[in-house]
$ cat entry25.cif   # mmCIF, C-alpha atoms
data_input
loop_
_atom_site.label_atom_id
_atom_site.label_comp_id
_atom_site.auth_asym_id
_atom_site.auth_seq_id
_atom_site.Cartn_x
_atom_site.Cartn_y
_atom_site.Cartn_z
CA MET A 1 23.58 41.73 -19.82
CA GLN A 2 26.64 39.97 -18.37
CA GLY A 3 26.09 41.80 -15.09
CA ARG A 4 22.60 40.32 -14.81
CA ILE A 5 23.97 36.80 -15.36
CA GLU A 6 26.60 37.42 -12.68
CA ASN A 7 23.95 38.64 -10.25
CA LYS A 8 21.63 35.72 -11.08
CA ILE A 9 24.35 33.15 -10.38
CA LYS A 10 25.10 34.84 -7.05
CA ILE A 11 21.44 34.82 -5.96
CA GLU A 12 20.90 31.23 -7.14
CA GLU A 13 23.87 30.15 -5.00
CA GLN A 14 22.42 32.06 -2.08
CA ILE A 15 19.11 30.18 -2.43
CA LYS A 16 20.84 26.79 -2.74
CA ASN A 17 22.75 27.43 0.48
CA LYS A 18 19.53 28.34 2.27
CA ILE A 19 17.76 25.11 1.28
CA ALA A 20 20.75 22.72 1.47
CA THR A 21 19.43 20.99 4.61
CA MET A 22 15.72 21.33 3.83
CA PRO A 23 13.42 18.44 2.83
CA GLU A 24 13.50 17.24 -0.78
CA TYR A 25 10.14 18.84 -1.65
CA VAL A 26 11.57 22.30 -0.85
CA LYS A 27 14.42 21.73 -3.29
CA ARG A 28 11.96 20.58 -5.96
CA TYR A 29 9.81 23.65 -5.35
CA TYR A 30 12.91 25.75 -5.99
CA PHE A 31 13.19 24.23 -9.48
CA TYR A 32 9.44 24.68 -9.96
CA LEU A 33 10.07 28.43 -9.72
CA ASN A 34 12.54 28.43 -12.61
CA GLN A 35 10.19 30.41 -14.86
CA LYS A 36 10.30 33.32 -12.42
CA SER A 37 13.12 35.85 -12.13
CA HIS A 38 15.97 35.11 -9.72
CA THR A 39 14.88 37.95 -7.44
CA THR A 40 11.29 36.62 -7.30
CA LYS A 41 12.62 33.12 -6.58
CA LEU A 42 14.65 34.46 -3.66
CA ASN A 43 11.64 36.40 -2.39
CA TYR A 44 9.33 33.36 -2.56
CA MET A 45 11.87 30.99 -1.01
CA ASN A 46 12.55 33.38 1.90
CA LYS A 47 8.83 33.64 2.63
CA LEU A 48 8.39 29.86 2.45
CA LEU A 49 11.34 29.14 4.75
CA ARG A 50 10.03 31.61 7.30
CA PHE A 51 6.62 29.90 7.19
CA LEU A 52 8.17 26.45 7.66
CA ASP A 53 10.19 27.78 10.62
CA TYR A 54 6.93 29.03 12.15
CA LEU A 55 5.31 25.60 11.77
CA GLU A 56 8.21 23.90 13.55
CA ILE A 57 8.17 26.46 16.37
CA GLU A 58 4.44 25.79 16.79
CA GLY A 59 5.11 22.05 16.93
CA ILE A 60 3.57 21.38 13.52
CA SER A 61 5.48 18.80 11.49
CA ILE A 62 6.71 19.83 8.05
CA GLU A 63 6.71 16.26 6.76
CA LEU A 64 4.70 15.94 3.54
CA ASN A 65 1.95 13.86 5.12
CA ASP A 66 1.42 16.53 7.74
CA LEU A 67 1.48 19.42 5.27
CA ASP A 68 -1.76 17.97 3.87
CA LYS A 69 -3.36 18.96 7.18
CA ILE A 70 -2.48 22.65 6.86
CA ASP A 71 -5.73 24.58 6.61
CA ALA A 72 -6.80 28.18 6.14
CA TYR A 73 -6.87 28.72 9.91
CA ILE A 74 -3.15 27.92 10.28
CA ILE A 75 -2.28 30.25 7.39
CA GLU A 76 -4.31 33.08 8.91
CA GLN A 77 -2.78 32.37 12.34
CA TYR A 78 0.69 32.65 10.82
CA ILE A 79 -0.10 35.99 9.15
CA ALA A 80 -1.48 37.29 12.45
CA SER A 81 1.74 36.25 14.23
CA ILE A 82 3.90 38.42 11.98
CA SER A 83 1.48 41.32 11.49
CA TYR A 84 3.29 43.49 14.04
CA TYR A 85 7.04 43.99 14.30
CA GLU A 86 9.57 46.22 16.02
CA SER A 87 11.60 48.74 14.04
CA ASN A 88 13.67 51.60 15.48
CA ASN A 89 12.07 51.04 18.90
CA LYS A 90 8.59 51.43 17.40
CA THR A 91 5.85 48.88 16.87
CA LYS A 92 4.77 48.82 13.23
CA GLU A 93 2.07 46.93 11.36
CA LEU A 94 2.75 44.82 8.30
CA SER A 95 1.18 46.48 5.25
CA ASN A 96 -1.54 44.82 3.21
CA THR A 97 0.86 44.86 0.28
CA SER A 98 3.39 42.80 2.27
CA LYS A 99 0.66 40.41 3.43
CA ALA A 100 -0.56 39.99 -0.15
CA ASN A 101 2.98 39.09 -1.23
CA ILE A 102 3.19 36.44 1.50
CA TYR A 103 -0.15 34.97 0.41
CA SER A 104 1.07 34.83 -3.19
CA ALA A 105 4.26 33.00 -2.21
CA LEU A 106 2.48 30.45 -0.02
CA ASN A 107 -0.28 29.94 -2.59
CA SER A 108 2.40 29.17 -5.18
CA PHE A 109 3.98 26.61 -2.82
CA PHE A 110 0.74 24.77 -2.03
CA THR A 111 -0.25 24.84 -5.69
CA PHE A 112 3.06 23.12 -6.46
CA LEU A 113 2.45 20.46 -3.80
CA CYS A 114 -1.03 19.70 -5.16
CA ALA A 115 0.06 19.69 -8.82
CA ASN A 116 2.74 17.11 -8.00
CA ASP A 117 0.42 14.95 -5.85
CA TYR A 118 2.36 15.60 -2.67
CA ILE A 119 -0.84 16.72 -0.93
CA ARG A 120 -4.55 16.65 -1.77
CA ASN A 121 -5.79 19.80 -0.07
CA ASN A 122 -4.73 23.32 -0.92
CA PRO A 123 -5.78 25.74 1.86
CA PHE A 124 -6.03 28.49 -0.76
CA ASP A 125 -8.69 26.67 -2.80
CA ASN A 126 -12.38 27.54 -2.80
CA LYS A 127 -11.72 31.05 -1.49
CA LYS A 128 -11.02 29.74 2.01
CA ILE A 129 -8.45 32.52 2.33
CA THR A 130 -9.08 36.09 1.24
CA ARG A 131 -5.96 37.68 -0.19
CA PRO A 132 -5.77 41.29 1.04
CA LYS A 133 -5.71 44.02 -1.56
CA ALA A 134 -2.48 45.93 -1.89
CA ASP A 135 -2.44 49.28 -0.12
CA GLN A 136 -3.44 52.25 -2.25
CA THR A 137 -0.97 54.69 -0.78
CA SER A 138 -0.01 58.06 -2.16
CA ILE A 139 3.13 58.23 -4.27
CA THR A 140 6.26 59.57 -2.61
CA PHE A 141 8.52 61.41 -5.02
CA LEU A 142 10.98 64.28 -5.20
CA THR A 143 10.03 67.54 -6.86
CA PRO A 144 12.46 68.97 -9.46
CA GLU A 145 13.72 71.43 -6.83
CA GLU A 146 14.33 68.58 -4.36
CA VAL A 147 16.16 66.57 -7.03
CA LYS A 148 18.50 69.53 -7.55
CA GLU A 149 19.03 69.80 -3.80
CA VAL A 150 20.03 66.13 -3.51
CA GLN A 151 22.37 66.44 -6.49
CA ASN A 152 23.96 69.44 -4.81
CA ARG A 153 24.42 67.43 -1.61
CA ILE A 154 26.20 64.69 -3.55
CA LEU A 155 28.51 66.99 -5.50
CA HIS A 156 29.42 69.23 -2.56
CA GLY A 157 29.22 66.76 0.31
CA TRP A 158 26.66 66.15 3.02
CA GLY A 159 26.96 65.75 6.78
CA SER A 160 30.06 66.10 8.94
CA SER A 161 33.41 67.27 7.60
CA GLU A 162 34.71 63.71 7.96
CA ALA A 163 31.75 62.34 5.97
CA ARG A 164 32.23 64.98 3.26
CA ALA A 165 35.89 64.04 2.88
CA LYS A 166 34.98 60.39 2.28
CA GLN A 167 32.16 61.29 -0.11
CA CYS A 168 34.34 63.51 -2.29
CA GLU A 169 36.30 60.58 -3.72
CA TRP A 170 33.12 58.84 -4.87
CA LYS A 171 30.94 61.80 -5.84
CA TYR A 172 30.80 60.97 -9.57
CA ARG A 173 29.61 57.45 -8.84
CA ASP A 174 27.10 58.60 -6.23
CA PHE A 175 25.76 61.31 -8.53
CA LEU A 176 25.05 58.71 -11.25
CA LEU A 177 23.47 56.24 -8.81
CA PHE A 178 20.96 58.97 -8.02
CA ARG A 179 20.57 60.67 -11.38
CA ILE A 180 20.16 57.65 -13.69
CA PRO A 181 16.98 56.31 -12.00
CA VAL A 182 15.62 59.86 -11.56
CA VAL A 183 16.03 60.60 -15.28
CA THR A 184 15.28 57.16 -16.78
CA GLY A 185 13.12 55.42 -14.15
CA LEU A 186 15.53 52.47 -14.10
CA ARG A 187 14.96 49.90 -11.35
CA VAL A 188 17.71 49.46 -8.77
CA GLU A 189 18.30 45.79 -9.69
CA ALA A 190 19.04 46.75 -13.30
CA LEU A 191 21.22 49.65 -12.11
CA SER A 192 23.40 47.32 -10.06
CA GLU A 193 23.83 44.92 -13.00
CA ILE A 194 25.23 47.45 -15.51
CA ASN A 195 28.72 46.67 -16.80
CA VAL A 196 31.12 49.23 -18.28
CA SER A 197 30.70 47.54 -21.67
CA ASP A 198 26.95 48.28 -21.56
CA VAL A 199 27.60 52.03 -21.77
CA ASP A 200 27.79 53.70 -25.19
CA LEU A 201 28.93 57.29 -24.67
CA VAL A 202 28.76 58.09 -28.38
CA ARG A 203 25.13 57.03 -28.82
CA LYS A 204 24.35 58.13 -25.25
CA THR A 205 22.71 54.83 -24.33
CA ILE A 206 23.05 52.17 -21.64
CA ARG A 207 22.06 48.58 -22.35
CA VAL A 208 20.09 47.16 -19.42
CA THR A 209 18.06 44.05 -18.65
CA GLU A 210 14.85 44.96 -16.87
CA LYS A 211 11.99 43.12 -15.18
CA GLY A 212 10.79 40.18 -17.28
CA ASN A 213 14.30 39.66 -18.70
CA ILE A 214 13.69 42.43 -21.24
CA THR A 215 16.97 43.78 -22.62
CA LYS A 216 16.84 47.29 -24.07
CA ASP A 217 18.85 50.46 -24.56
CA ILE A 218 17.90 53.41 -22.39
CA TYR A 219 18.77 56.95 -23.45
CA ILE A 220 20.73 59.32 -21.25
CA ASP A 221 21.00 63.11 -21.32
CA GLU A 222 24.16 65.12 -21.95
CA LEU A 223 24.85 65.87 -18.27
CA THR A 224 24.54 62.19 -17.31
CA ARG A 225 26.87 61.31 -20.20
CA ASP A 226 29.46 63.81 -18.97
CA TYR A 227 29.42 62.36 -15.46
CA LEU A 228 29.57 58.82 -16.85
CA LEU A 229 32.74 59.75 -18.70
CA LYS A 230 34.23 61.26 -15.53
CA TRP A 231 33.27 58.21 -13.46
CA ILE A 232 34.51 55.62 -15.98
CA MET A 233 37.91 57.34 -16.08
CA GLN A 234 38.07 57.55 -12.28
CA ARG A 235 36.84 53.96 -11.94
CA ALA A 236 39.65 52.77 -14.22
CA ASP A 237 42.15 54.35 -11.83
CA PHE A 238 40.57 52.58 -8.86
CA ILE A 239 40.53 49.22 -10.62
CA GLY A 240 44.01 49.67 -12.06
CA ASN A 241 45.53 50.51 -8.68
CA GLY A 242 44.04 47.39 -7.14
CA ASN A 243 44.59 45.19 -10.22
CA TYR A 244 41.03 43.86 -9.89
CA ASP A 245 39.11 42.17 -12.68
CA CYS A 246 35.65 43.64 -12.12
CA GLN A 247 33.38 44.50 -15.04
CA ALA A 248 30.69 46.28 -13.00
CA LEU A 249 30.09 49.94 -13.78
CA PHE A 250 29.28 50.77 -10.18
CA ILE A 251 31.84 49.43 -7.73
CA SER A 252 32.06 49.70 -3.96
CA ASN A 253 35.08 50.94 -2.05
CA ARG A 254 36.12 47.27 -1.97
CA LEU A 255 36.23 47.38 -5.78
CA GLN A 256 33.37 44.90 -6.10
CA ARG A 257 29.99 45.21 -7.81
CA MET A 258 27.62 47.27 -5.69
CA THR A 259 24.67 45.23 -4.48
CA VAL A 260 21.08 46.45 -4.36
CA GLY A 261 21.40 46.87 -0.60
CA THR A 262 24.57 48.95 -0.93
CA ILE A 263 22.94 51.23 -3.49
CA GLU A 264 19.89 51.64 -1.24
CA LYS A 265 22.12 52.75 1.65
CA ASN A 266 23.92 55.16 -0.66
CA ILE A 267 20.67 56.79 -1.81
CA LYS A 268 19.40 56.96 1.75
CA LYS A 269 22.57 58.76 2.85
CA TYR A 270 21.88 61.73 0.57
CA ALA A 271 18.12 61.79 -0.06
CA ASP A 272 16.23 60.16 2.80
CA GLY A 273 14.48 62.64 5.07
CA ILE A 274 14.50 65.51 2.60
CA ASN A 275 11.43 67.57 3.53
CA GLY A 276 10.32 64.64 5.70
CA LYS A 277 10.19 62.16 2.80
CA HIS A 278 11.36 58.56 3.04
CA ILE A 279 13.35 58.09 -0.16
CA THR A 280 14.39 54.70 -1.54
CA PRO A 281 15.65 53.80 -5.02
CA HIS A 282 12.09 52.89 -6.04
CA LYS A 283 10.98 56.39 -5.03
CA LEU A 284 13.45 57.69 -7.61
CA ARG A 285 11.51 55.69 -10.21
CA SER A 286 8.33 57.32 -8.86
CA THR A 287 10.07 60.68 -9.17
CA CYS A 288 10.80 60.01 -12.84
CA GLY A 289 7.24 58.89 -13.60
CA THR A 290 5.46 61.66 -11.69
CA ASN A 291 7.61 64.55 -12.92
CA LEU A 292 7.57 63.30 -16.51
CA TYR A 293 3.78 63.13 -16.46
CA GLN A 294 3.58 66.64 -15.01
CA ALA A 295 5.83 67.93 -17.79
CA LYS A 296 4.17 66.13 -20.71
CA LYS A 297 0.70 65.05 -19.51
CA ASP A 298 1.14 61.96 -21.69
CA ILE A 299 0.44 58.70 -19.85
CA TYR A 300 1.48 56.60 -22.86
CA LEU A 301 4.89 58.28 -22.98
CA VAL A 302 5.39 57.68 -19.24
CA ALA A 303 4.38 54.03 -19.63
CA SER A 304 6.88 53.60 -22.46
CA VAL A 305 9.75 55.22 -20.54
CA LEU A 306 9.06 53.12 -17.41
CA GLY A 307 8.65 49.92 -19.42
CA HIS A 308 5.00 49.27 -18.50
CA SER A 309 3.16 46.92 -20.86
CA SER A 310 -0.07 48.85 -20.25
CA THR A 311 -1.02 52.23 -18.79
CA GLU A 312 -2.78 50.69 -15.77
CA PRO A 313 0.29 50.63 -13.46
CA THR A 314 1.29 54.05 -14.82
CA ARG A 315 -1.87 55.76 -13.58
CA ARG A 316 -0.48 55.93 -10.05
CA TYR A 317 2.00 58.55 -11.30
CA THR A 318 -0.69 60.81 -12.79
CA LYS A 319 -0.96 62.82 -9.61
CA VAL A 320 -3.26 65.83 -9.72
CA PHE A 321 -1.70 68.89 -8.08
CA ASP A 322 -3.46 71.96 -6.72
CA THR A 323 -2.01 73.97 -9.62
CA ASP A 324 -3.72 71.56 -12.04
CA LYS A 325 -7.04 72.09 -10.26
CA ARG A 326 -6.57 75.85 -10.28
CA ASP A 327 -5.80 75.83 -14.01
CA ALA A 328 -8.85 73.65 -14.61
CA ILE A 329 -11.13 76.05 -12.73
CA ASN A 330 -9.69 79.01 -14.66
CA THR A 331 -10.19 77.16 -17.93
CA ILE A 332 -13.85 76.53 -17.12
CA ALA A 333 -14.37 80.06 -15.84
CA ASN A 334 -12.95 81.55 -19.05
CA MET A 335 -15.59 79.67 -21.03
CA TYR A 336 -18.38 81.82 -19.62
#

$ encode --input "entry25.cif" --output "structure tokens"
Amino acid sequence: MQGRIENKIKIEEQIKNKIATMPEYVKRYYFYLNQKSHTTKLNYMNKLLRFLDYLEIEGISIELNDLDKIDAYIIEQYIASISYYESNNKTKELSNTSKANIYSALNSFFTFLCANDYIRNNPFDNKKITRPKADQTSITFLTPEEVKEVQNRILHGWGSSEARAKQCEWKYRDFLLFRIPVVTGLRVEALSEINVSDVDLVRKTIRVTEKGNITKDIYIDELTRDYLLKWIMQRADFIGNGNYDCQALFISNRLQRMTVGTIEKNIKKYADGINGKHITPHKLRSTCGTNLYQAKKDIYLVASVLGHSSTEPTRRYTKVFDTDKRDAINTIANMY
């Protein structure tokens, strides 16, 4: 819980620095978002600031009186301007999911302006703008065999001999960064916010604060508990040697709390590219959901483990495999 507060304060400071020189209405919009999580606030503010930068580049004033003149055409023109981008020397197209998120952020901003009588016209009113539907892409996940392969890479080293030597010192930490979300479905933000005091090795639980500010205890298996014990003891040596006052369970080589970005890079180092799959921390959550459903065929259980309030978002993990189809055909055939 304390780790989440620490992370929230850090992100709030980051947002305040970004908007320090912005017009007063931007700062008031920031407070308007107080009911949202700190990560959502940062996401929305980043999207707004990028939109305001675009307006200025296009010679469109961002004074309040001029914002009232923003129409659906300008919004659509902006989306078109960022629809293609360069990454790794390749031209890529912005996904519908990303576009939908931008629409949501800008709609929230213009709704705020109208609700506070800053402007009269909201370009998102009267269905002037059609929000794209999020992409229905197939779920990327690791099979149980692939999970074991990644764990083996972490424990025995991966890459060059120099890389393996560096990894060895941190293998207990890296193993847990991979295994906890694979086994529990924990989101990477919550993983980064765990403090040592949140871990109960006797009860085999970790107290976490998840999406929606929901605090709960998640259960861990015996192997995860064993590696937690090993890591906590090793971590104490690291912290003691440096005389640092850091409460975070997962620390970097600088003896500071690992950020979401640092954890993502760590996961990528061991798991990305396995059998051609692009693996991120969220894909580890997908791995948990998909493999749990395959083992139990219980969508309600999967929803409960992943913290879904309904089974609707859980259905994406109920993947039907060829073996399921074959078993189904055999079941029908045996009826006759």

$ residues_near_point --input "entry25.cif" --point "(24.3, 58.9, -14.3)" --cutoff "12 Å" --atoms "all atoms listed in the file" --output "PyMOL selection string"
chain A and resi 151+171-186+191+194+199+201+204-206+218-232+249-250

$ resolve_selection --input "entry25.cif" --expression "the PyMOL selection byres ((chain A and resi 147) around 10)" --output "PDB file with C-alpha atoms, in the frame of the given file"
ATOM      1  CA  PHE A 141       8.520  61.410  -5.020  1.00  0.00           C
ATOM      2  CA  LEU A 142      10.980  64.280  -5.200  1.00  0.00           C
ATOM      3  CA  THR A 143      10.030  67.540  -6.860  1.00  0.00           C
ATOM      4  CA  PRO A 144      12.460  68.970  -9.460  1.00  0.00           C
ATOM      5  CA  GLU A 145      13.720  71.430  -6.830  1.00  0.00           C
ATOM      6  CA  GLU A 146      14.330  68.580  -4.360  1.00  0.00           C
ATOM      7  CA  LYS A 148      18.500  69.530  -7.550  1.00  0.00           C
ATOM      8  CA  GLU A 149      19.030  69.800  -3.800  1.00  0.00           C
ATOM      9  CA  VAL A 150      20.030  66.130  -3.510  1.00  0.00           C
ATOM     10  CA  GLN A 151      22.370  66.440  -6.490  1.00  0.00           C
ATOM     11  CA  ASN A 152      23.960  69.440  -4.810  1.00  0.00           C
ATOM     12  CA  ARG A 153      24.420  67.430  -1.610  1.00  0.00           C
ATOM     13  CA  PHE A 178      20.960  58.970  -8.020  1.00  0.00           C
ATOM     14  CA  ARG A 179      20.570  60.670 -11.380  1.00  0.00           C
ATOM     15  CA  VAL A 182      15.620  59.860 -11.560  1.00  0.00           C
ATOM     16  CA  ALA A 271      18.120  61.790  -0.060  1.00  0.00           C
ATOM     17  CA  ILE A 274      14.500  65.510   2.600  1.00  0.00           C
ATOM     18  CA  LEU A 284      13.450  57.690  -7.610  1.00  0.00           C
ATOM     19  CA  THR A 287      10.070  60.680  -9.170  1.00  0.00           C
TER      20      THR A 287
END

$ closest_residue --input "entry25.cif" --among "A:Tyr103, A:Phe51, A:Phe110, A:Tyr118" --to "Ser81 in chain A" --atoms "all atoms listed in the file"
A:Phe51

$ resolve_selection --input "entry25.cif" --expression "the PyMOL selection byres ((chain A and resi 128) around 12)" --output "ChimeraX atom specification"
/A:71-76,107,121-127,129-131

$ atom_distance --input "entry25.cif" --atom1 "CA of Glu58 in chain A" --atom2 "CA of Lys133 in chain A"
27.8 Å

$ atom_distance --input "entry25.cif" --atom1 "CA of Met233 in chain A" --atom2 "CA of Gln167 in chain A"
17.4 Å

$ build_atoms --input "entry25.cif" --residues "range 170-190 of chain A" --atoms "N, CA and C atoms" --output "JSON list (two decimals), in the coordinates of the input"
[["chain", "number", "residue", "atom", "x", "y", "z"],
["A", 170, "TRP", "N", 34.09, 59.66, -4.15],
["A", 170, "TRP", "CA", 33.12, 58.84, -4.87],
["A", 170, "TRP", "C", 31.95, 59.65, -5.41],
["A", 171, "LYS", "N", 32.09, 60.96, -5.50],
["A", 171, "LYS", "CA", 30.94, 61.80, -5.84],
["A", 171, "LYS", "C", 30.41, 61.56, -7.25],
["A", 172, "TYR", "N", 31.27, 61.23, -8.21],
["A", 172, "TYR", "CA", 30.80, 60.97, -9.57],
["A", 172, "TYR", "C", 29.93, 59.72, -9.60],
["A", 173, "ARG", "N", 30.39, 58.68, -8.91],
["A", 173, "ARG", "CA", 29.61, 57.45, -8.84],
["A", 173, "ARG", "C", 28.26, 57.70, -8.15],
["A", 174, "ASP", "N", 28.31, 58.37, -7.01],
["A", 174, "ASP", "CA", 27.10, 58.60, -6.23],
["A", 174, "ASP", "C", 26.10, 59.48, -6.98],
["A", 175, "PHE", "N", 26.62, 60.45, -7.72],
["A", 175, "PHE", "CA", 25.76, 61.31, -8.53],
["A", 175, "PHE", "C", 25.00, 60.49, -9.57],
["A", 176, "LEU", "N", 25.68, 59.54, -10.21],
["A", 176, "LEU", "CA", 25.05, 58.71, -11.25],
["A", 176, "LEU", "C", 24.07, 57.72, -10.64],
["A", 177, "LEU", "N", 24.38, 57.18, -9.47],
["A", 177, "LEU", "CA", 23.47, 56.24, -8.81],
["A", 177, "LEU", "C", 22.13, 56.91, -8.51],
["A", 178, "PHE", "N", 22.18, 58.21, -8.27],
["A", 178, "PHE", "CA", 20.96, 58.97, -8.02],
["A", 178, "PHE", "C", 20.32, 59.45, -9.31],
["A", 179, "ARG", "N", 21.12, 60.01, -10.20],
["A", 179, "ARG", "CA", 20.57, 60.67, -11.38],
["A", 179, "ARG", "C", 20.00, 59.70, -12.42],
["A", 180, "ILE", "N", 20.64, 58.57, -12.66],
["A", 180, "ILE", "CA", 20.16, 57.65, -13.69],
["A", 180, "ILE", "C", 18.73, 57.19, -13.43],
["A", 181, "PRO", "N", 18.39, 56.70, -12.22],
["A", 181, "PRO", "CA", 16.98, 56.31, -12.00],
["A", 181, "PRO", "C", 16.01, 57.49, -11.99],
["A", 182, "VAL", "N", 16.48, 58.67, -11.55],
["A", 182, "VAL", "CA", 15.62, 59.86, -11.56],
["A", 182, "VAL", "C", 15.27, 60.27, -12.99],
["A", 183, "VAL", "N", 16.24, 60.16, -13.90],
["A", 183, "VAL", "CA", 16.03, 60.60, -15.28],
["A", 183, "VAL", "C", 15.38, 59.53, -16.14],
["A", 184, "THR", "N", 15.74, 58.25, -15.91],
["A", 184, "THR", "CA", 15.28, 57.16, -16.78],
["A", 184, "THR", "C", 14.23, 56.26, -16.16],
["A", 185, "GLY", "N", 14.07, 56.31, -14.82],
["A", 185, "GLY", "CA", 13.12, 55.42, -14.15],
["A", 185, "GLY", "C", 13.65, 54.01, -14.00],
["A", 186, "LEU", "N", 14.94, 53.81, -14.16],
["A", 186, "LEU", "CA", 15.53, 52.47, -14.10],
["A", 186, "LEU", "C", 15.42, 51.88, -12.70],
["A", 187, "ARG", "N", 15.06, 50.60, -12.63],
["A", 187, "ARG", "CA", 14.96, 49.90, -11.35],
["A", 187, "ARG", "C", 16.35, 49.66, -10.77],
["A", 188, "VAL", "N", 16.43, 49.57, -9.45],
["A", 188, "VAL", "CA", 17.71, 49.46, -8.77],
["A", 188, "VAL", "C", 18.42, 48.15, -9.12],
["A", 189, "GLU", "N", 17.67, 47.06, -9.33],
["A", 189, "GLU", "CA", 18.30, 45.79, -9.69],
["A", 189, "GLU", "C", 19.06, 45.93, -11.02],
["A", 190, "ALA", "N", 18.40, 46.55, -11.99],
["A", 190, "ALA", "CA", 19.04, 46.75, -13.30],
["A", 190, "ALA", "C", 20.23, 47.70, -13.19]]
